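Novice: Below: one structure in structure tokens.
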Amino acid sequence: MSDQRGASDGPSGDVGQEDPGEPRFSAWDALLAVPVLVALWPLVRGWPRGHDWRHELVKIAEFGHAVGAGQLPPHWAENLYGGLGSTIFLFYAPVYAAVASAAGAALGSVPRGGVIALIGFTILGAYTMYRAAVHMTGGEAQAGRIAAAVFILHPYLIGDVLLRSATSEFAALCVVPLALWGVFELRRRPHKGAALLAGGLGLTVVTHNITALVMSAIVAAAGAWLYRGRGERSAWPWLLLGMGLALGLSAFFWLPALALRDLVQTDSMVTGRFDFRENFPAFGSLFGYSRFFGAGWLAALILAAGLAGALRWRRDASAGAIRFLVAVALALVALMTPLTTVVWEHTPLLPYLQFPWRLQGPLAVVTGLLAAGLFSQRSRNWPSGRRHGLEAAVLALALANSLPHLLAGQPLTPEERAWTEAALTPAALSSGVFRASVLDEYLPVSADPSALAERSSRGAPVRAPLGAVTTVHRDLGSRISFDVAAESESWLTLQRWGFPGWEARIEGRIAATRVDSLGRLQVRVGAGSGRVELRKRAPGARRAALVLSAFACLLWTGLVLSARREGRA
């Protein structure tokens with residue numbers, strides 16, 4: 001390991017073996033702005049009209065409404081399904097919706113907030129990939145810039161934003177290089193490396209759990225490979241600490257999502273047209289542009305160059321990172337083909353990816369790092385001018401590779417923008433049947449869609465049987481208050497789906513509840529009159545997991561403070 005104290009545009013030593021110090025930006029690093037500005041260009045025109053653009057805006061708007069109603073973090077989408085609600089926020093990773101809804105509240109527009117969030121994650125993705133590649137290659141700023149350009153202009157990421165509206169997946173892919181940056185830091189500064197790893201991987205989990213499922217395995221494998229030597233195994237406890245803290249930090253999301261998944265209709269996510277067996281793409285389409293999941297020809301070129309280099313440099317210890325990245329890339333490509341059906345069938349949770357081509361996201365991360373490693377390995381002894389020429393050529397190729405998807409993206413029309421702004425208010429959402437997902441997978445298993453045909457208006461959330469009269473005083477979706485006068489004991493039907501967390505009190509005393517045949521909540525009232533109060537609390541699994549995440553956050557904060565002292569030492 002060298003005594004290098006800053007990122008350099010000159011050649012470095014072994015790939016993944018140098019001490020990069022703290023990379024400092026130079027005039028050449030202004031080139032980072034080029035791919036970022038190109039990737040952001042379509043967003044200047046407004047919210048992209050991707051495949052699921054309505055669903056994404058509904059999630060953002062409803063997340064903001066839930067926060068405004070006092071849910072921190074949100075667990076119930078009270079305005080969806082005509083006001084009957086949805087459990088989506090217990091199962092859908094919240095980070096992108098949280099950032100976008102906060103920006104939307106500040107700007108007074110949900111679509112504009114969504115665009116600002118996409119811009120922020122694009123910049124973050126370029127920067128985290130730059131830092132990860134710099135540390136992987138031993139301090140080479142040029143390698144970092146190449147990785148950032150190849151990554152942020154990858155057609156799959158552009159397709160996520162412009163063609164699919166897969167905003168949470170895009171945001172997670174922009175966050176996950178932070179975890180790899182942490183892995184590469186473990187050798188030099190273990191406290192900082194573990195903190196970056198924990199923060200990056202934990203944030204990935206709560207940004208897009210499906211992406212995190214695959215990337216967690218890749219991050220763990222990268223750490224095991226990088227520190228496989230006997231003299232390097234002192235980094236393993238820090239690697240395990242970082243990954244353990246990541247699970248703790250994100251426990252408030254993944255723990256209740258797993259514990260409660262049998263209470264919602266998740267079976268629909270892995271059957272029919274969402275069965276992974278029905279969604280293996282043609283091999284040639286993986287490196288083309290005909291569909292939004294294509295990676296383009298540059299990814300194939302980088303992978304071929306990596307494979308050739310791995311075979312050519314077998315005895316070169318500095319090419320170890322390249323061999324590892326090639327092996328991971330080939331495994332990801334293989335998993336996108338029917339040849340690996342048996343792996344999909346026997347790997348827990350993997351079928352929830354639904355579409356094998358979703359592995360293009362992790363492959364984009366690997367491709368960016370592989371491009372950086374190949375540049376470092378191939379040009380280490382070249383003069384500065386020639387290295388800058390190669391960097392410019394790679395940047396030009398990345399720009400050309402991105403154009404088909406960049407040009408295919410279209411913003412909302414003025415008419416669509418006007419309709420959207422009006423349709424995302426709480427009143428508009430609760431008076432209609434807008435969905436936040438393609439399926440009804442986040443509804444309780446007992447929910448019957450026919451209940452929507454019988455729903456009352458938002459001002460009348462209670463259906464009383466004969467002999468009972470109700471007067472509603474407050475209806476805030478997840479908090480309802482009304483007076484009841486009943487001739488005899490009876491069950492009142494609430495226009496809310498029944499799900500764990502509802503609490504009913506009559507004159508301050510806990511009342512019995514149940515779920516009717518259509519999946520709606522019912523409350524038992526006795527003869528006479530009284531005040532009924534209902535409140536939707538987070539399920540017990542979410543509350544317990546929040547305590548675990550709070551404890552992990554304290555440990556992580558201590559690790560961050562320790563890393564700062566480590567840096568001053």
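Each chain in the structure tokens gets a letter, A, B, ..., in the order shown, and its residues are numbered from 1; ligands are numbered from 1 in order too.
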Need to verify the contact set: segment 264-268 of chain A, 12 Å, only C-alpha atoms, exclusion of same-chain residues closer than 3 positions in sequence. Can you return it as an NGL selection string?

Specialist: :A and (86-88 or 90-92 or 256-261 or 271-275 or 349 or 351-352 or 354 or 437-448 or 497-500 or 519)

Novice: Using DSSP secondary structure from the backbone, list all strand (DSSP E or B) positions within segment 313-495 of chain A, as a ChimeraX atom specification.

Specialist: /A:411,444,462-463,468-475,479-486,490-495

Novice: Save out the residues we just selected, C-alpha atoms, as a short mmCIF file (atom, residue, chain, number, x, y, z; two decimals), in the first residue's frame.

Specialist:
data_model
loop_
_atom_site.label_atom_id
_atom_site.label_comp_id
_atom_site.auth_asym_id
_atom_site.auth_seq_id
_atom_site.Cartn_x
_atom_site.Cartn_y
_atom_site.Cartn_z
CA PRO A 411 -42.60 14.72 -20.08
CA PRO A 444 -55.37 -6.98 3.52
CA VAL A 462 -69.84 4.62 9.43
CA ARG A 463 -72.57 2.27 8.23
CA ALA A 468 -78.66 2.76 15.50
CA VAL A 469 -77.90 6.38 14.68
CA THR A 470 -74.41 7.88 14.32
CA THR A 471 -73.17 11.45 14.22
CA VAL A 472 -69.63 11.92 12.93
CA HIS A 473 -67.53 14.61 14.62
CA ARG A 474 -64.14 13.93 13.08
CA ASP A 475 -62.88 11.90 10.15
CA ARG A 479 -58.60 8.88 13.36
CA ILE A 480 -62.39 8.87 13.55
CA SER A 481 -64.74 10.16 16.25
CA PHE A 482 -68.53 9.83 16.28
CA ASP A 483 -71.50 9.57 18.63
CA VAL A 484 -73.75 6.53 18.50
CA ALA A 485 -77.21 5.88 19.86
CA ALA A 486 -78.29 2.22 19.56
CA SER A 490 -74.97 -4.12 17.36
CA TRP A 491 -71.94 -4.02 15.09
CA LEU A 492 -71.12 -0.80 13.26
CA THR A 493 -69.27 -1.09 9.94
CA LEU A 494 -66.46 1.37 9.28
CA GLN A 495 -65.51 2.29 5.75
#

Novice: Show which residues sit within 10 Å of Lys192 of chain A, as a PyMOL selection string. Count only C-alpha atoms, and ignore same-chain residues fewer than 5 positions away.

Specialist: chain A and resi 181-183+185-186+197-198+238+242+559-567

Novice: Keeping all heavy atoms, export the residues of the selection given above as a compact mmCIF listing (two decimals), in the first residue's frame.

Specialist:
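Result file is part00.txt:
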# COMPACT_ATOMS: atom_id res chain seq x y z
N TRP A 181 -18.18 1.84 -1.35
CA TRP A 181 -17.16 2.78 -0.90
C TRP A 181 -16.71 2.41 0.51
O TRP A 181 -15.51 2.37 0.82
CB TRP A 181 -17.73 4.19 -0.98
CG TRP A 181 -16.91 5.29 -0.39
CD1 TRP A 181 -15.63 5.26 0.07
CD2 TRP A 181 -17.35 6.64 -0.21
NE1 TRP A 181 -15.24 6.48 0.55
CE2 TRP A 181 -16.27 7.35 0.38
CE3 TRP A 181 -18.53 7.32 -0.48
CZ2 TRP A 181 -16.37 8.71 0.70
CZ3 TRP A 181 -18.63 8.66 -0.17
CH2 TRP A 181 -17.55 9.35 0.42
N GLY A 182 -17.68 2.09 1.37
CA GLY A 182 -17.34 1.68 2.73
C GLY A 182 -16.52 0.41 2.77
O GLY A 182 -15.57 0.29 3.55
N VAL A 183 -16.86 -0.56 1.92
CA VAL A 183 -16.09 -1.81 1.87
C VAL A 183 -14.64 -1.53 1.51
O VAL A 183 -13.71 -2.06 2.12
CB VAL A 183 -16.73 -2.80 0.87
CG1 VAL A 183 -15.80 -4.00 0.65
CG2 VAL A 183 -18.08 -3.27 1.38
N GLU A 185 -12.99 1.15 2.04
CA GLU A 185 -12.37 1.95 3.10
C GLU A 185 -11.96 1.12 4.31
O GLU A 185 -11.20 1.59 5.14
CB GLU A 185 -13.33 3.05 3.56
CG GLU A 185 -13.28 4.31 2.73
CD GLU A 185 -12.20 5.27 3.21
OE1 GLU A 185 -11.16 4.79 3.71
OE2 GLU A 185 -12.39 6.48 3.07
N LEU A 186 -12.47 -0.10 4.42
CA LEU A 186 -12.25 -0.89 5.64
C LEU A 186 -10.78 -1.12 5.93
O LEU A 186 -10.38 -1.22 7.09
CB LEU A 186 -12.98 -2.23 5.54
CG LEU A 186 -14.50 -2.18 5.64
CD1 LEU A 186 -15.08 -3.57 5.40
CD2 LEU A 186 -14.95 -1.65 7.00
N LEU A 197 -20.48 1.71 5.11
CA LEU A 197 -21.13 0.47 4.71
C LEU A 197 -22.51 0.35 5.35
O LEU A 197 -23.50 0.05 4.67
CB LEU A 197 -20.26 -0.73 5.11
CG LEU A 197 -20.87 -2.12 5.01
CD1 LEU A 197 -21.38 -2.40 3.60
CD2 LEU A 197 -19.85 -3.17 5.43
N ALA A 198 -22.59 0.60 6.66
CA ALA A 198 -23.86 0.50 7.36
C ALA A 198 -24.86 1.52 6.84
O ALA A 198 -26.03 1.18 6.56
CB ALA A 198 -23.65 0.68 8.86
N TRP A 238 -15.17 -5.71 11.07
CA TRP A 238 -15.74 -4.43 10.68
C TRP A 238 -16.75 -4.60 9.55
O TRP A 238 -17.76 -3.89 9.49
CB TRP A 238 -14.62 -3.47 10.27
CG TRP A 238 -13.69 -3.16 11.39
CD1 TRP A 238 -12.45 -3.69 11.61
CD2 TRP A 238 -13.95 -2.27 12.47
NE1 TRP A 238 -11.91 -3.17 12.75
CE2 TRP A 238 -12.81 -2.29 13.30
CE3 TRP A 238 -15.02 -1.44 12.81
CZ2 TRP A 238 -12.72 -1.53 14.46
CZ3 TRP A 238 -14.94 -0.68 13.96
CH2 TRP A 238 -13.80 -0.71 14.76
N GLY A 242 -20.60 -3.54 9.96
CA GLY A 242 -21.29 -2.65 9.04
C GLY A 242 -22.57 -3.26 8.50
O GLY A 242 -23.62 -2.60 8.45
N LEU A 559 -20.32 5.10 16.02
CA LEU A 559 -19.32 4.68 15.04
C LEU A 559 -18.87 5.86 14.18
O LEU A 559 -17.68 6.00 13.87
CB LEU A 559 -19.90 3.57 14.17
CG LEU A 559 -18.95 2.89 13.18
CD1 LEU A 559 -17.79 2.23 13.90
CD2 LEU A 559 -19.72 1.86 12.34
N VAL A 560 -19.81 6.72 13.80
CA VAL A 560 -19.47 7.91 13.01
C VAL A 560 -18.54 8.83 13.80
O VAL A 560 -17.54 9.34 13.27
CB VAL A 560 -20.75 8.65 12.58
CG1 VAL A 560 -20.40 10.00 11.96
CG2 VAL A 560 -21.55 7.82 11.59
N LEU A 561 -18.85 9.05 15.07
CA LEU A 561 -17.99 9.90 15.91
C LEU A 561 -16.61 9.28 16.07
O LEU A 561 -15.59 9.98 16.05
CB LEU A 561 -18.64 10.11 17.28
CG LEU A 561 -19.97 10.90 17.25
CD1 LEU A 561 -20.57 10.94 18.65
CD2 LEU A 561 -19.74 12.32 16.72
N SER A 562 -16.57 7.95 16.20
CA SER A 562 -15.28 7.26 16.29
C SER A 562 -14.51 7.39 15.00
O SER A 562 -13.28 7.55 15.01
CB SER A 562 -15.52 5.79 16.62
OG SER A 562 -14.30 5.07 16.66
N ALA A 563 -15.22 7.38 13.86
CA ALA A 563 -14.55 7.53 12.57
C ALA A 563 -13.95 8.92 12.43
O ALA A 563 -12.88 9.09 11.84
CB ALA A 563 -15.55 7.27 11.44
N ARG A 564 -14.60 9.93 12.98
CA ARG A 564 -14.06 11.29 12.92
C ARG A 564 -12.77 11.40 13.73
O ARG A 564 -11.80 12.02 13.30
CB ARG A 564 -15.10 12.29 13.43
CG ARG A 564 -16.33 12.41 12.55
CD ARG A 564 -17.25 13.50 13.04
NE ARG A 564 -16.61 14.81 12.94
CZ ARG A 564 -17.20 15.94 13.34
NH1 ARG A 564 -18.42 15.92 13.87
NH2 ARG A 564 -16.56 17.09 13.22
N ARG A 565 -12.77 10.75 14.90
CA ARG A 565 -11.54 10.75 15.71
C ARG A 565 -10.45 9.97 15.00
O ARG A 565 -9.27 10.33 15.03
CB ARG A 565 -11.82 10.15 17.08
CG ARG A 565 -12.73 11.02 17.96
CD ARG A 565 -12.72 10.53 19.39
NE ARG A 565 -13.28 9.19 19.50
CZ ARG A 565 -14.56 8.94 19.72
NH1 ARG A 565 -15.43 9.96 19.85
NH2 ARG A 565 -15.02 7.71 19.82
N GLU A 566 -10.85 8.89 14.33
CA GLU A 566 -9.90 8.07 13.57
C GLU A 566 -9.26 8.89 12.47
O GLU A 566 -8.06 8.79 12.19
CB GLU A 566 -10.65 6.88 12.98
CG GLU A 566 -9.82 5.94 12.12
CD GLU A 566 -10.70 4.88 11.47
OE1 GLU A 566 -11.73 5.25 10.87
OE2 GLU A 566 -10.36 3.70 11.58
N GLY A 567 -10.05 9.77 11.81
CA GLY A 567 -9.53 10.58 10.73
C GLY A 567 -8.56 11.64 11.21
O GLY A 567 -7.65 12.05 10.48

Novice: Restrict the calculation to only C-alpha atoms, then for each residue of segment 388-428 of chain A with any atom at most 9 Å from an atom of segment 290-309 of chain A give the closest atom pair and their distance in Å to one decimal, rows by chain and rising residue number, as a tab-separated table.

Specialist:
residue	atom	partner	partner_atom	distance
A:Leu397	CA	A:Leu298	CA	7.1
A:Ala398	CA	A:Leu298	CA	7.0
A:Asn401	CA	A:Gly296	CA	6.1
A:Ser402	CA	A:Gly296	CA	7.8
A:His405	CA	A:Phe292	CA	7.6

Novice: Output N, CA, C and O atoms for every residue in that selection, as a PDB file, in the first residue's frame.

Specialist:
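The result, stored in again_20.pdb:
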ATOM      1  N   LEU A 397     -18.353   7.401 -25.604  1.00  0.00           N
ATOM      2  CA  LEU A 397     -19.082   6.144 -25.790  1.00  0.00           C
ATOM      3  C   LEU A 397     -20.270   6.049 -24.840  1.00  0.00           C
ATOM      4  O   LEU A 397     -21.358   5.584 -25.228  1.00  0.00           O
ATOM      5  N   ALA A 398     -20.081   6.477 -23.585  1.00  0.00           N
ATOM      6  CA  ALA A 398     -21.176   6.437 -22.612  1.00  0.00           C
ATOM      7  C   ALA A 398     -22.311   7.363 -23.033  1.00  0.00           C
ATOM      8  O   ALA A 398     -23.495   7.019 -22.908  1.00  0.00           O
ATOM      9  N   ASN A 401     -24.102   5.736 -25.933  1.00  0.00           N
ATOM     10  CA  ASN A 401     -24.857   4.570 -25.473  1.00  0.00           C
ATOM     11  C   ASN A 401     -26.164   4.971 -24.789  1.00  0.00           C
ATOM     12  O   ASN A 401     -27.122   4.199 -24.770  1.00  0.00           O
ATOM     13  N   SER A 402     -26.214   6.164 -24.233  1.00  0.00           N
ATOM     14  CA  SER A 402     -27.396   6.595 -23.481  1.00  0.00           C
ATOM     15  C   SER A 402     -28.466   7.243 -24.359  1.00  0.00           C
ATOM     16  O   SER A 402     -29.620   7.365 -23.939  1.00  0.00           O
ATOM     17  N   HIS A 405     -32.361   5.859 -25.101  1.00  0.00           N
ATOM     18  CA  HIS A 405     -33.333   5.982 -24.013  1.00  0.00           C
ATOM     19  C   HIS A 405     -33.546   7.438 -23.616  1.00  0.00           C
ATOM     20  O   HIS A 405     -34.663   7.818 -23.239  1.00  0.00           O
TER      21      HIS A 405
END

Novice: Just to confirm, what's the straight-line distance from atom CA of Ala141 of chain A to atom CA of Ser318 of chain A in Å (one decimal)?

Specialist: 17.7 Å

Novice: With a distance cut-off of 12 Å and only C-alpha atoms, select the neighbouring residues of Leu339 of chain A, excluding the residue or stretch itself and same-chain residues fewer than 5 positions from it, and output the selection as an NGL selection string.

Specialist: :A and (277 or 280-281 or 283 or 331 or 333-334 or 344-345 or 356)

Novice: Between A:Val547, A:Leu399, A:Val532, A:Ala451, single out the one closest to Gly85 of chain A, counting only C-alpha atoms.

Specialist: A:Ala451

Novice: For atom CA of Arg358 of chain A and atom CA of Ser216 of chain A, quote the distance in Å rounded to one decimal.

Specialist: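 We find that atom CA of Arg358 of chain A and atom CA of Ser216 of chain A lie 15.0 Å from each other.
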
Novice: So, counting only C-alpha atoms, which residue among A:Val161, A:Leu37, A:Val110, A:Ala98 is closest to Ala408 of chain A?

Specialist: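 Nearest candidate to Ala408 of chain A out of A:Val161, A:Leu37, A:Val110, A:Ala98: A:Val161.
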
Novice: Can you tell me which residues surround segment 415-425 of chain A at a distance of at most 8 Å, considering only C-alpha atoms, apart from same-chain residues fewer than 5 positions away, and format the answer as a PDB file with C-alpha atoms, in the first residue's frame?

Specialist:
ATOM      1  CA  LEU A  57     -47.146  10.336  -8.048  1.00  0.00           C
ATOM      2  CA  VAL A  58     -49.970   8.838  -5.984  1.00  0.00           C
ATOM      3  CA  ALA A  61     -48.719  12.508  -2.592  1.00  0.00           C
ATOM      4  CA  GLU A  62     -50.206  10.004  -0.175  1.00  0.00           C
ATOM      5  CA  SER A 109     -46.325  20.657  -6.411  1.00  0.00           C
ATOM      6  CA  VAL A 110     -46.010  16.880  -6.127  1.00  0.00           C
ATOM      7  CA  PRO A 111     -44.624  16.361  -9.676  1.00  0.00           C
TER       8      PRO A 111
END
